[in-house]
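Note: the block below is run.txt and it holds compact mmCIF, C-alpha atoms.
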# COMPACT_ATOMS: atom_id res chain seq x y z
CA MET A 1 0.00 0.00 0.00
CA LYS A 2 2.95 2.32 0.62
CA SER A 3 4.03 1.94 -3.00
CA LEU A 4 0.46 2.68 -4.15
CA ALA A 5 0.44 5.90 -2.09
CA ILE A 6 3.82 6.93 -3.57
CA ALA A 7 2.67 6.07 -7.11
CA LEU A 8 -0.53 8.09 -6.66
CA ALA A 9 1.40 11.08 -5.30
CA VAL A 10 3.80 10.98 -8.28
CA ILE A 11 0.94 10.61 -10.79
CA PHE A 12 -0.98 13.53 -9.30
CA VAL A 13 2.12 15.76 -9.25
CA LEU A 14 2.75 14.91 -12.91
CA CYS A 15 -0.90 15.61 -13.76
CA GLY A 16 -0.62 18.93 -11.89
CA ILE A 17 2.44 19.89 -13.92
CA LEU A 18 0.73 18.81 -17.18
CA SER A 19 -2.30 20.91 -16.34
CA ILE A 20 -0.06 23.95 -15.74
CA VAL A 21 1.89 23.60 -19.00
CA HIS A 22 -1.24 22.17 -20.78
CA PRO A 23 0.62 20.81 -23.80
CA LEU A 24 -2.00 18.54 -25.43
CA ALA A 25 -4.32 19.26 -28.32
CA ALA A 26 -7.81 20.31 -27.24
CA ASN A 27 -10.56 17.70 -27.22
CA GLU A 28 -13.28 16.82 -24.70
CA MET A 29 -11.01 14.51 -22.69
CA THR A 30 -7.96 16.79 -22.50
CA ARG A 31 -10.22 19.75 -21.66
CA ALA A 32 -11.91 17.82 -18.82
CA LEU A 33 -8.52 16.74 -17.42
CA GLY A 34 -7.08 20.26 -17.79
CA PHE A 35 -4.30 19.25 -20.20
CA SER A 36 -5.63 20.96 -23.34
CA ASN A 37 -3.73 23.84 -24.85
CA ASP A 38 -6.76 26.09 -25.42
CA LYS A 39 -7.43 27.36 -21.93
CA VAL A 40 -5.54 28.20 -18.73
CA HIS A 41 -7.44 26.87 -15.73
CA ALA A 42 -6.43 27.22 -12.07
CA LYS A 43 -8.77 24.52 -10.73
CA HIS A 44 -7.10 21.52 -12.33
CA PRO A 45 -3.55 22.01 -10.94
CA PHE A 46 -5.06 22.85 -7.54
CA LEU A 47 -7.08 19.61 -7.55
CA TYR A 48 -4.07 17.49 -8.61
CA PHE A 49 -1.76 18.99 -5.99
CA VAL A 50 -4.38 18.55 -3.24
CA LEU A 51 -4.77 14.88 -4.25
CA ALA A 52 -0.97 14.50 -4.22
CA VAL A 53 -0.83 15.94 -0.69
CA LEU A 54 -3.60 13.56 0.42
CA ALA A 55 -1.66 10.62 -1.06
CA LEU A 56 1.43 11.74 0.92
CA ILE A 57 -0.66 12.01 4.11
CA TRP A 58 -1.92 8.47 3.47
CA LEU A 59 1.72 7.37 3.08
CA ARG A 60 2.60 9.04 6.38
CA PHE A 61 -0.22 7.21 8.18
CA GLN A 62 0.99 3.89 6.75
CA ALA A 63 4.61 4.58 7.64
CA ALA A 64 3.65 5.51 11.21
CA ALA A 65 1.48 2.38 11.52
CA ALA A 66 4.39 0.19 10.33
CA ARG A 67 6.76 1.55 13.01
CA MET B 1 -29.56 42.26 -4.10
CA PHE B 2 -32.28 39.86 -5.24
CA LEU B 3 -29.62 37.52 -6.65
CA ALA B 4 -27.66 37.73 -3.37
CA ILE B 5 -30.74 36.83 -1.31
CA LEU B 6 -31.66 34.06 -3.76
CA GLN B 7 -28.14 32.60 -3.52
CA GLY B 8 -28.00 32.83 0.28
CA VAL B 9 -31.33 31.01 0.66
CA SER B 10 -31.27 28.50 -2.18
CA GLU B 11 -27.63 27.37 -1.70
CA LEU B 12 -28.50 25.82 1.67
CA PHE B 13 -32.20 25.02 1.37
CA PRO B 14 -32.54 21.71 -0.52
CA ILE B 15 -34.05 23.39 -3.58
CA SER B 16 -31.01 23.86 -5.90
CA SER B 17 -29.44 27.32 -6.14
CA LEU B 18 -28.10 26.67 -9.62
CA GLY B 19 -31.54 25.57 -10.81
CA HIS B 20 -33.10 28.78 -9.48
CA THR B 21 -30.35 30.89 -11.04
CA VAL B 22 -31.19 29.30 -14.40
CA LEU B 23 -35.00 29.47 -14.05
CA ILE B 24 -35.76 32.79 -12.36
CA PRO B 25 -34.11 35.35 -14.72
CA PRO B 26 -36.03 34.16 -17.83
CA LEU B 27 -39.25 33.87 -15.78
CA LEU B 28 -38.88 37.52 -14.71
CA HIS B 29 -37.75 38.52 -18.21
CA TRP B 30 -34.33 39.59 -16.98
CA HIS B 31 -31.64 39.63 -19.60
CA VAL B 32 -28.88 37.90 -17.63
CA ASP B 33 -25.99 36.55 -19.69
CA GLU B 34 -24.71 33.72 -17.49
CA GLY B 35 -21.47 33.60 -19.46
CA ASP B 36 -20.84 37.33 -18.91
CA GLU B 37 -17.63 38.08 -16.95
CA SER B 38 -19.39 40.54 -14.61
CA PHE B 39 -22.18 38.07 -13.79
CA LEU B 40 -19.66 35.27 -13.11
CA ALA B 41 -17.60 37.58 -10.89
CA PHE B 42 -20.74 38.53 -8.93
CA VAL B 43 -21.61 34.83 -8.47
CA VAL B 44 -18.08 34.27 -7.06
CA VAL B 45 -18.67 37.02 -4.51
CA LEU B 46 -22.02 35.49 -3.51
CA HIS B 47 -20.42 32.04 -3.04
CA LEU B 48 -17.72 33.55 -0.84
CA GLY B 49 -20.42 35.24 1.27
CA THR B 50 -22.29 31.94 1.67
CA ALA B 51 -19.12 30.03 2.58
CA LEU B 52 -18.09 32.66 5.15
CA ALA B 53 -21.57 32.44 6.70
CA LEU B 54 -21.25 28.64 7.01
CA LEU B 55 -17.77 29.03 8.53
CA ALA B 56 -19.10 31.62 10.98
CA TYR B 57 -22.10 29.47 11.98
CA TYR B 58 -19.98 26.36 12.56
CA ARG B 59 -16.87 28.26 13.75
CA ASN B 60 -16.42 26.20 16.91
CA GLU B 61 -16.81 22.88 15.06
CA TRP B 62 -14.35 23.97 12.35
CA ALA B 63 -11.80 25.19 14.89
CA ARG B 64 -11.91 21.79 16.65
CA ILE B 65 -11.89 19.84 13.36
CA VAL B 66 -8.90 21.74 11.91
CA ARG B 67 -6.94 21.35 15.18
CA ALA B 68 -7.74 17.62 15.26
CA LEU B 69 -6.76 17.14 11.59
CA VAL B 70 -3.44 18.95 12.00
CA ALA B 71 -2.67 16.96 15.15
CA SER B 72 -3.60 13.74 13.34
CA VAL B 73 -1.24 14.46 10.41
CA VAL B 74 1.59 15.45 12.76
CA ARG B 75 1.06 12.27 14.81
CA GLY B 76 0.70 10.08 11.71
CA ARG B 77 -2.04 7.93 13.20
CA PHE B 78 -5.70 8.01 14.23
CA ILE B 79 -6.65 8.10 17.88
CA GLY B 80 -10.40 7.79 17.21
CA ASP B 81 -11.22 11.23 18.57
CA ARG B 82 -14.69 12.53 17.45
CA ASP B 83 -13.38 15.72 15.80
CA GLU B 84 -10.51 13.86 14.11
CA ARG B 85 -12.89 11.28 12.66
CA LEU B 86 -15.38 13.96 11.56
CA GLY B 87 -12.54 15.92 9.93
CA TRP B 88 -11.30 12.93 7.92
CA LEU B 89 -14.89 12.01 7.01
CA LEU B 90 -15.27 15.52 5.58
CA VAL B 91 -11.99 15.15 3.65
CA VAL B 92 -13.05 11.75 2.27
CA GLY B 93 -16.52 13.09 1.42
CA THR B 94 -15.11 16.12 -0.40
CA ILE B 95 -12.86 14.08 -2.72
CA PRO B 96 -15.59 12.76 -5.11
CA VAL B 97 -17.32 16.11 -5.58
CA GLY B 98 -13.93 17.87 -5.94
CA ILE B 99 -12.77 15.52 -8.68
CA LEU B 100 -16.08 15.32 -10.55
CA GLY B 101 -16.70 19.06 -10.17
CA VAL B 102 -13.35 20.12 -11.58
CA LEU B 103 -13.40 17.55 -14.40
CA PHE B 104 -17.00 17.73 -15.55
CA GLN B 105 -18.72 20.86 -14.21
CA SER B 106 -18.27 22.92 -17.38
CA SER B 107 -19.40 20.11 -19.72
CA VAL B 108 -22.44 19.24 -17.56
CA ARG B 109 -23.52 22.89 -17.30
CA ALA B 110 -23.08 23.40 -21.02
CA LEU B 111 -25.36 20.39 -21.64
CA PHE B 112 -28.10 20.97 -19.08
CA ALA B 113 -28.13 24.62 -17.88
CA SER B 114 -31.26 25.64 -19.76
CA PRO B 115 -34.78 25.99 -18.34
CA ILE B 116 -36.46 22.77 -19.56
CA PRO B 117 -33.76 20.30 -18.37
CA VAL B 118 -33.50 22.28 -15.11
CA ALA B 119 -37.28 22.05 -14.56
CA ILE B 120 -37.09 18.27 -15.10
CA PHE B 121 -34.11 17.91 -12.73
CA LEU B 122 -35.97 20.00 -10.12
CA MET B 123 -38.81 17.46 -10.22
CA ILE B 124 -36.28 14.60 -10.01
CA ASN B 125 -34.78 16.40 -6.97
CA ALA B 126 -38.26 16.30 -5.39
CA LEU B 127 -38.62 12.58 -6.14
CA VAL B 128 -35.18 11.89 -4.64
CA MET B 129 -36.25 13.63 -1.42
CA PHE B 130 -39.62 11.81 -1.29
CA ALA B 131 -37.94 8.46 -2.02
CA GLY B 132 -35.25 9.11 0.61
CA GLU B 133 -37.84 9.92 3.28
CA ALA B 134 -39.96 6.88 2.34
CA LEU B 135 -36.95 4.52 2.36
CA ARG B 136 -35.81 5.81 5.72
CA ARG B 137 -39.28 5.39 7.26
CA ARG B 138 -39.48 1.86 5.84
CA GLN B 139 -35.98 0.96 7.16
CA HIS B 140 -36.82 2.21 10.63
CA ALA B 141 -40.34 0.76 10.72
CA ARG B 142 -39.32 -2.81 9.79
CA SER B 143 -36.36 -3.20 12.10
CA GLU B 144 -34.97 -1.93 15.35
CA ARG B 145 -32.59 0.42 13.54
CA VAL B 146 -31.83 3.55 15.50
CA SER B 147 -30.21 6.79 14.38
CA LYS B 148 -26.49 7.11 14.93
CA PRO B 149 -24.26 10.14 15.54
CA ILE B 150 -22.07 11.56 12.73
CA GLU B 151 -18.83 10.20 14.22
CA ARG B 152 -20.11 6.63 13.81
CA VAL B 153 -20.38 7.03 10.03
CA SER B 154 -17.98 4.58 8.32
CA TRP B 155 -15.39 5.71 5.72
CA LEU B 156 -17.37 4.07 2.93
CA GLU B 157 -20.60 5.73 4.07
CA GLY B 158 -18.78 9.09 4.26
CA LEU B 159 -17.53 8.56 0.72
CA GLY B 160 -21.09 7.71 -0.39
CA VAL B 161 -22.59 10.87 1.15
CA GLY B 162 -19.81 12.89 -0.50
CA ALA B 163 -20.48 11.21 -3.84
CA ALA B 164 -24.21 12.04 -3.47
CA GLN B 165 -23.22 15.73 -3.37
CA SER B 166 -21.85 15.31 -6.89
CA LEU B 167 -25.41 14.93 -8.19
CA ALA B 168 -25.68 18.68 -7.62
CA LEU B 169 -23.48 19.19 -10.69
CA LEU B 170 -26.77 18.69 -12.53
CA PRO B 171 -28.55 22.06 -12.38
CA GLY B 172 -31.84 21.47 -10.57
CA ILE B 173 -30.50 18.80 -8.19
CA SER B 174 -29.75 20.24 -4.76
CA ARG B 175 -26.40 19.60 -3.10
CA SER B 176 -27.86 19.71 0.41
CA GLY B 177 -30.94 17.70 -0.64
CA ALA B 178 -28.83 14.89 -2.13
CA SER B 179 -26.42 14.75 0.81
CA ILE B 180 -29.17 14.94 3.45
CA VAL B 181 -31.01 12.05 1.73
CA ALA B 182 -27.74 10.06 1.61
CA GLY B 183 -27.21 10.86 5.30
CA LEU B 184 -30.72 9.66 6.17
CA LEU B 185 -30.12 6.39 4.33
CA ILE B 186 -27.02 5.66 6.43
CA ASP B 187 -29.09 6.10 9.62
CA LEU B 188 -28.28 9.69 10.57
CA ASP B 189 -31.31 11.56 11.91
CA HIS B 190 -32.51 14.68 10.05
CA GLU B 191 -30.61 17.12 12.24
CA ALA B 192 -27.32 15.19 12.03
CA ALA B 193 -27.75 14.64 8.27
CA ALA B 194 -28.34 18.38 7.75
CA THR B 195 -25.36 19.35 9.95
CA TYR B 196 -23.12 16.87 8.11
CA SER B 197 -24.41 18.18 4.78
CA PHE B 198 -23.64 21.81 5.72
CA LEU B 199 -20.18 20.93 7.06
CA LEU B 200 -19.52 18.95 3.86
CA ALA B 201 -20.70 21.85 1.70
CA THR B 202 -18.45 24.44 3.39
CA PRO B 203 -15.06 23.48 1.85
CA VAL B 204 -16.67 22.89 -1.56
CA ILE B 205 -18.41 26.28 -1.69
CA LEU B 206 -15.40 28.07 -0.17
CA LEU B 207 -12.85 26.51 -2.54
CA ALA B 208 -15.13 27.02 -5.56
CA GLY B 209 -15.35 30.70 -4.58
CA ILE B 210 -11.62 31.12 -3.86
CA LEU B 211 -10.55 29.40 -7.09
CA GLU B 212 -12.80 31.73 -9.09
CA ILE B 213 -11.46 34.91 -7.41
CA PRO B 214 -9.29 35.69 -10.52
CA ALA B 215 -12.63 36.20 -12.37
CA LEU B 216 -13.11 39.37 -10.28
CA PHE B 217 -10.00 40.93 -11.81
CA LYS B 218 -10.56 40.04 -15.46
CA PRO B 219 -10.74 42.91 -17.94
CA GLY B 220 -14.34 43.84 -18.70
CA VAL B 221 -15.69 43.00 -15.23
CA ALA B 222 -18.00 45.85 -14.28
CA ILE B 223 -18.49 45.19 -10.55
CA GLY B 224 -17.36 47.89 -8.14
CA PRO B 225 -16.08 47.21 -4.62
CA VAL B 226 -19.31 48.53 -3.04
CA GLU B 227 -21.50 46.18 -5.11
CA ALA B 228 -19.14 43.26 -4.40
CA ILE B 229 -19.07 43.87 -0.63
CA ALA B 230 -22.84 44.49 -0.48
CA GLY B 231 -23.53 41.27 -2.44
CA CYS B 232 -21.16 39.27 -0.23
CA VAL B 233 -22.69 40.64 2.99
CA VAL B 234 -26.32 40.14 1.87
CA ALA B 235 -25.62 36.57 0.64
CA GLY B 236 -23.71 35.87 3.87
CA VAL B 237 -26.41 37.21 6.21
CA THR B 238 -29.15 35.35 4.28
CA ALA B 239 -27.12 32.12 4.29
CA TYR B 240 -26.46 32.47 8.05
CA ALA B 241 -30.17 32.95 8.71
CA SER B 242 -30.95 29.99 6.42
CA VAL B 243 -28.55 27.59 8.15
CA ALA B 244 -29.79 28.73 11.58
CA PHE B 245 -33.39 28.13 10.47
CA LEU B 246 -32.67 24.78 8.80
CA THR B 247 -30.74 23.28 11.72
CA ARG B 248 -33.73 24.08 13.98
CA TYR B 249 -36.24 22.99 11.33
CA PHE B 250 -34.63 19.55 10.92
CA GLN B 251 -34.81 18.87 14.68
CA HIS B 252 -38.50 18.03 14.26
CA ASN B 253 -39.30 18.11 10.53
CA ASP B 254 -38.34 16.37 7.30
CA LEU B 255 -37.58 17.04 3.63
CA ARG B 256 -41.11 16.58 2.26
CA PRO B 257 -42.16 20.28 2.20
CA PHE B 258 -39.07 21.04 0.09
CA GLY B 259 -39.95 18.07 -2.10
CA TRP B 260 -43.43 19.47 -2.73
CA TYR B 261 -41.97 22.90 -3.49
CA CYS B 262 -39.48 21.45 -6.01
CA LEU B 263 -42.14 19.27 -7.62
CA LEU B 264 -44.59 22.16 -8.06
CA ALA B 265 -41.92 24.70 -9.09
CA GLY B 266 -40.39 22.22 -11.56
CA ALA B 267 -43.79 21.32 -13.04
CA ALA B 268 -44.81 24.99 -13.34
CA ALA B 269 -41.48 25.89 -14.97
CA LEU B 270 -41.76 22.93 -17.34
CA ILE B 271 -45.24 24.00 -18.44
CA ILE B 272 -44.26 27.67 -18.83
CA PHE B 273 -41.07 27.02 -20.77
CA SER B 274 -42.50 24.16 -22.89
CA THR B 275 -45.44 26.33 -23.99
CA LYS B 276 -42.99 29.12 -24.81
CA VAL B 277 -40.93 26.70 -26.86
CA PHE B 278 -43.92 25.30 -28.73
CA SER B 279 -45.86 28.55 -29.18

With the file now loaded, output its structure as structure tokens.
Amino acid sequence: MKSLAIALAVIFVLCGILSIVHPLAANEMTRALGFSNDKVHAKHPFLYFVLAVLALIWLRFQAAAAR
Amino acid sequence: MFLAILQGVSELFPISSLGHTVLIPPLLHWHVDEGDESFLAFVVVLHLGTALALLAYYRNEWARIVRALVASVVRGRFIGDRDERLGWLLVVGTIPVGILGVLFQSSVRALFASPIPVAIFLMINALVMFAGEALRRRQHARSERVSKPIERVSWLEGLGVGAAQSLALLPGISRSGASIVAGLLIDLDHEAAATYSFLLATPVILLAGILEIPALFKPGVAIGPVEAIAGCVVAGVTAYASVAFLTRYFQHNDLRPFGWYCLLAGAAALIIFSTKVFS
């Protein structure tokens, strides 16, 4: 479960970065995920970074439980 | 001012604020462009007013919850404290609506934010409330099930109540209505379900408002500081009065009056707008 928490945190950070640089061509999917290059949106990076922080908190709880 | 009062009341009453924002301007023949930068900025201000009212009403609960959450993260383990558990339940419950809201809110609004779909969803909102009340009465009549306090809600149930909030992405479905019904179905009583619903709504409304603050500073926004502050205060005062009323109301009453209102308002709107469409 620790590795899942780390993987989730890394994925969400990467998604957050992608949604800031938004490099992908615009279509319904990339727009919904915040990766499309037609619009700058503050909500998507915020969501991804919050989810990354939650994944790290989950990791901390697991690490403390294992000690 | 009318919009501020409407927002303050309808955001917390289980009657769908978004649905009313879509239905009332065309009913009163107001020419409101809901995509206009000034209108969107004003809506942001109203949301901030509502969220501040909720924070003010539940200030003691939030102070305890935030302290318990911070202590929990620092410690790295749960101690089973009531405020800690409630705090994490609110975090877990906010995740589904946060994800679905950010990913799909614009697409869903673009599809459904017009009077006829909203009128239909308002009637569905009524049916959800009637069905929720009926199911709860049946559950409690057949067995010895008793209501439980919020802190005995399981993580999965907390996630479910949070996910129910996501139905409010559909204009016409009420956030508080959906989450109160979900709360009733997991054996909270009406007062606890309403309190949990309002606590759950606070971070969502506050964050939605904060993340839209840049809309206030876009070029072409014609809202002065006096209008913004007045709108925020009026929405806040109305929301505070609404939450104070509703928490007392749900001590002894249920969702059915709101269900009847939504059913009648939705049916009337459907008839009015359908005849306009076909005439």

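Of the listed residues (B:Val97, B:Val128, B:Val181, B:Ala164), B:Val97 comes nearest to chain A; the distances count only C-alpha atoms.
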
### Task
Using only C-alpha atoms, find all polymer residues with an atom at most 12 Å away from the point (-27.5, 13.8, 2.7); report them as a VMD selection string.
chain B and resid 14 93 128 to 129 132 to 133 136 150 157 to 168 174 to 201 255

Can you spit out the residues from that selection as a tab-separated table (two decimals), keeping the file's coordinate frame, using C-alpha atoms?
chain	number	residue	atom	x	y	z
B	14	PRO	CA	-32.54	21.71	-0.52
B	93	GLY	CA	-16.52	13.09	1.42
B	128	VAL	CA	-35.18	11.89	-4.64
B	129	MET	CA	-36.25	13.63	-1.42
B	132	GLY	CA	-35.25	9.11	0.61
B	133	GLU	CA	-37.84	9.92	3.28
B	136	ARG	CA	-35.81	5.81	5.72
B	150	ILE	CA	-22.07	11.56	12.73
B	157	GLU	CA	-20.60	5.73	4.07
B	158	GLY	CA	-18.78	9.09	4.26
B	159	LEU	CA	-17.53	8.56	0.72
B	160	GLY	CA	-21.09	7.71	-0.39
B	161	VAL	CA	-22.59	10.87	1.15
B	162	GLY	CA	-19.81	12.89	-0.50
B	163	ALA	CA	-20.48	11.21	-3.84
B	164	ALA	CA	-24.21	12.04	-3.47
B	165	GLN	CA	-23.22	15.73	-3.37
B	166	SER	CA	-21.85	15.31	-6.89
B	167	LEU	CA	-25.41	14.93	-8.19
B	168	ALA	CA	-25.68	18.68	-7.62
B	174	SER	CA	-29.75	20.24	-4.76
B	175	ARG	CA	-26.40	19.60	-3.10
B	176	SER	CA	-27.86	19.71	0.41
B	177	GLY	CA	-30.94	17.70	-0.64
B	178	ALA	CA	-28.83	14.89	-2.13
B	179	SER	CA	-26.42	14.75	0.81
B	180	ILE	CA	-29.17	14.94	3.45
B	181	VAL	CA	-31.01	12.05	1.73
B	182	ALA	CA	-27.74	10.06	1.61
B	183	GLY	CA	-27.21	10.86	5.30
B	184	LEU	CA	-30.72	9.66	6.17
B	185	LEU	CA	-30.12	6.39	4.33
B	186	ILE	CA	-27.02	5.66	6.43
B	187	ASP	CA	-29.09	6.10	9.62
B	188	LEU	CA	-28.28	9.69	10.57
B	189	ASP	CA	-31.31	11.56	11.91
B	190	HIS	CA	-32.51	14.68	10.05
B	191	GLU	CA	-30.61	17.12	12.24
B	192	ALA	CA	-27.32	15.19	12.03
B	193	ALA	CA	-27.75	14.64	8.27
B	194	ALA	CA	-28.34	18.38	7.75
B	195	THR	CA	-25.36	19.35	9.95
B	196	TYR	CA	-23.12	16.87	8.11
B	197	SER	CA	-24.41	18.18	4.78
B	198	PHE	CA	-23.64	21.81	5.72
B	199	LEU	CA	-20.18	20.93	7.06
B	200	LEU	CA	-19.52	18.95	3.86
B	201	ALA	CA	-20.70	21.85	1.70
B	255	LEU	CA	-37.58	17.04	3.63

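Note that the spacing between atom CA of B:Leu3 and atom CA of B:Tyr249 amounts to 24.0 Å.
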
### Within 12 Å of file point (3.0, 13.3, -8.3), counting all atoms listed in the file, expressed as a ChimeraX atom specification
/A:4-18,45,47-56

Might you pull out every residue within 10 Å of B:Trp62, with only C-alpha atoms counted and same-chain residues fewer than 4 positions away left off, and present them as a PDB file with C-alpha atoms, in the frame of the given file?
ATOM      1  CA  LEU B  54     -21.250  28.640   7.010  1.00  0.00           C
ATOM      2  CA  LEU B  55     -17.770  29.030   8.530  1.00  0.00           C
ATOM      3  CA  ALA B  56     -19.100  31.620  10.980  1.00  0.00           C
ATOM      4  CA  TYR B  57     -22.100  29.470  11.980  1.00  0.00           C
ATOM      5  CA  TYR B  58     -19.980  26.360  12.560  1.00  0.00           C
ATOM      6  CA  VAL B  66      -8.900  21.740  11.910  1.00  0.00           C
ATOM      7  CA  ARG B  67      -6.940  21.350  15.180  1.00  0.00           C
ATOM      8  CA  ALA B  68      -7.740  17.620  15.260  1.00  0.00           C
ATOM      9  CA  ASP B  83     -13.380  15.720  15.800  1.00  0.00           C
ATOM     10  CA  GLY B  87     -12.540  15.920   9.930  1.00  0.00           C
ATOM     11  CA  LEU B 199     -20.180  20.930   7.060  1.00  0.00           C
ATOM     12  CA  THR B 202     -18.450  24.440   3.390  1.00  0.00           C
TER      13      THR B 202
END

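Between atom CA of B:His29 and atom CA of B:Thr275 the interatomic distance comes to 15.5 Å.
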
Give me, as JSON lines, each residue of chain A that comes within 6 Å of chain B, together with its shortest interatomic pair and the distance in Å at one decimal, counting all atoms listed in the file, with rows ordered by chain and rising residue number.
{"residue": "A:Ala32", "atom": "CA", "partner": "B:Leu103", "partner_atom": "CA", "distance": 4.7}
{"residue": "A:Leu33", "atom": "CA", "partner": "B:Leu103", "partner_atom": "CA", "distance": 5.8}
{"residue": "A:Arg60", "atom": "CA", "partner": "B:Gly76", "partner_atom": "CA", "distance": 5.8}
{"residue": "A:Phe61", "atom": "CA", "partner": "B:Gly76", "partner_atom": "CA", "distance": 4.6}
{"residue": "A:Ala64", "atom": "CA", "partner": "B:Gly76", "partner_atom": "CA", "distance": 5.5}

### Task
Just the residues within 9 Å of A:Phe35, please, counting only C-alpha atoms, with nothing from its chain fewer than 4 positions along; format it as an MDAnalysis selection string.
chainID A and resid 15 18:26 29:31 39 44

Output for the residues just chosen: C-alpha atoms as a JSON list (two decimals), keeping the file's coordinate frame:
[["chain", "number", "residue", "atom", "x", "y", "z"],
["A", 15, "CYS", "CA", -0.90, 15.61, -13.76],
["A", 18, "LEU", "CA", 0.73, 18.81, -17.18],
["A", 19, "SER", "CA", -2.30, 20.91, -16.34],
["A", 20, "ILE", "CA", -0.06, 23.95, -15.74],
["A", 21, "VAL", "CA", 1.89, 23.60, -19.00],
["A", 22, "HIS", "CA", -1.24, 22.17, -20.78],
["A", 23, "PRO", "CA", 0.62, 20.81, -23.80],
["A", 24, "LEU", "CA", -2.00, 18.54, -25.43],
["A", 25, "ALA", "CA", -4.32, 19.26, -28.32],
["A", 26, "ALA", "CA", -7.81, 20.31, -27.24],
["A", 29, "MET", "CA", -11.01, 14.51, -22.69],
["A", 30, "THR", "CA", -7.96, 16.79, -22.50],
["A", 31, "ARG", "CA", -10.22, 19.75, -21.66],
["A", 39, "LYS", "CA", -7.43, 27.36, -21.93],
["A", 44, "HIS", "CA", -7.10, 21.52, -12.33]]

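You will find atom CA of B:Val70 at 10.7 Å from atom CA of B:Trp88.
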
So for stretch 57-61 of chain A, what box centre and size do we get, axis-aligned, 6 Å extra on each of the six sides, every listed atom, Å to one decimal, as lines of an AutoDock Vina configuration file?
center_x = 0.3
center_y = 9.6
center_z = 5.6
size_x = 16.5
size_y = 16.8
size_z = 17.1

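The residue that comes closest to B:Tyr261, out of B:Val233, B:Ile173, B:Leu122, B:Val146 and on the basis of all atoms listed in the file, is B:Leu122.
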
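Shortest separation to A:Ala66 among A:Met1, A:Ser36, A:Phe46, A:His41 occurs at residue A:Met1, atoms counted being all atoms listed in the file.
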
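Minimum atom-to-atom distances from B:Met1, B:Val22, B:Leu52, B:Leu46 to B:Leu216 were compared using only C-alpha atoms, and the lowest value belongs to B:Leu46.
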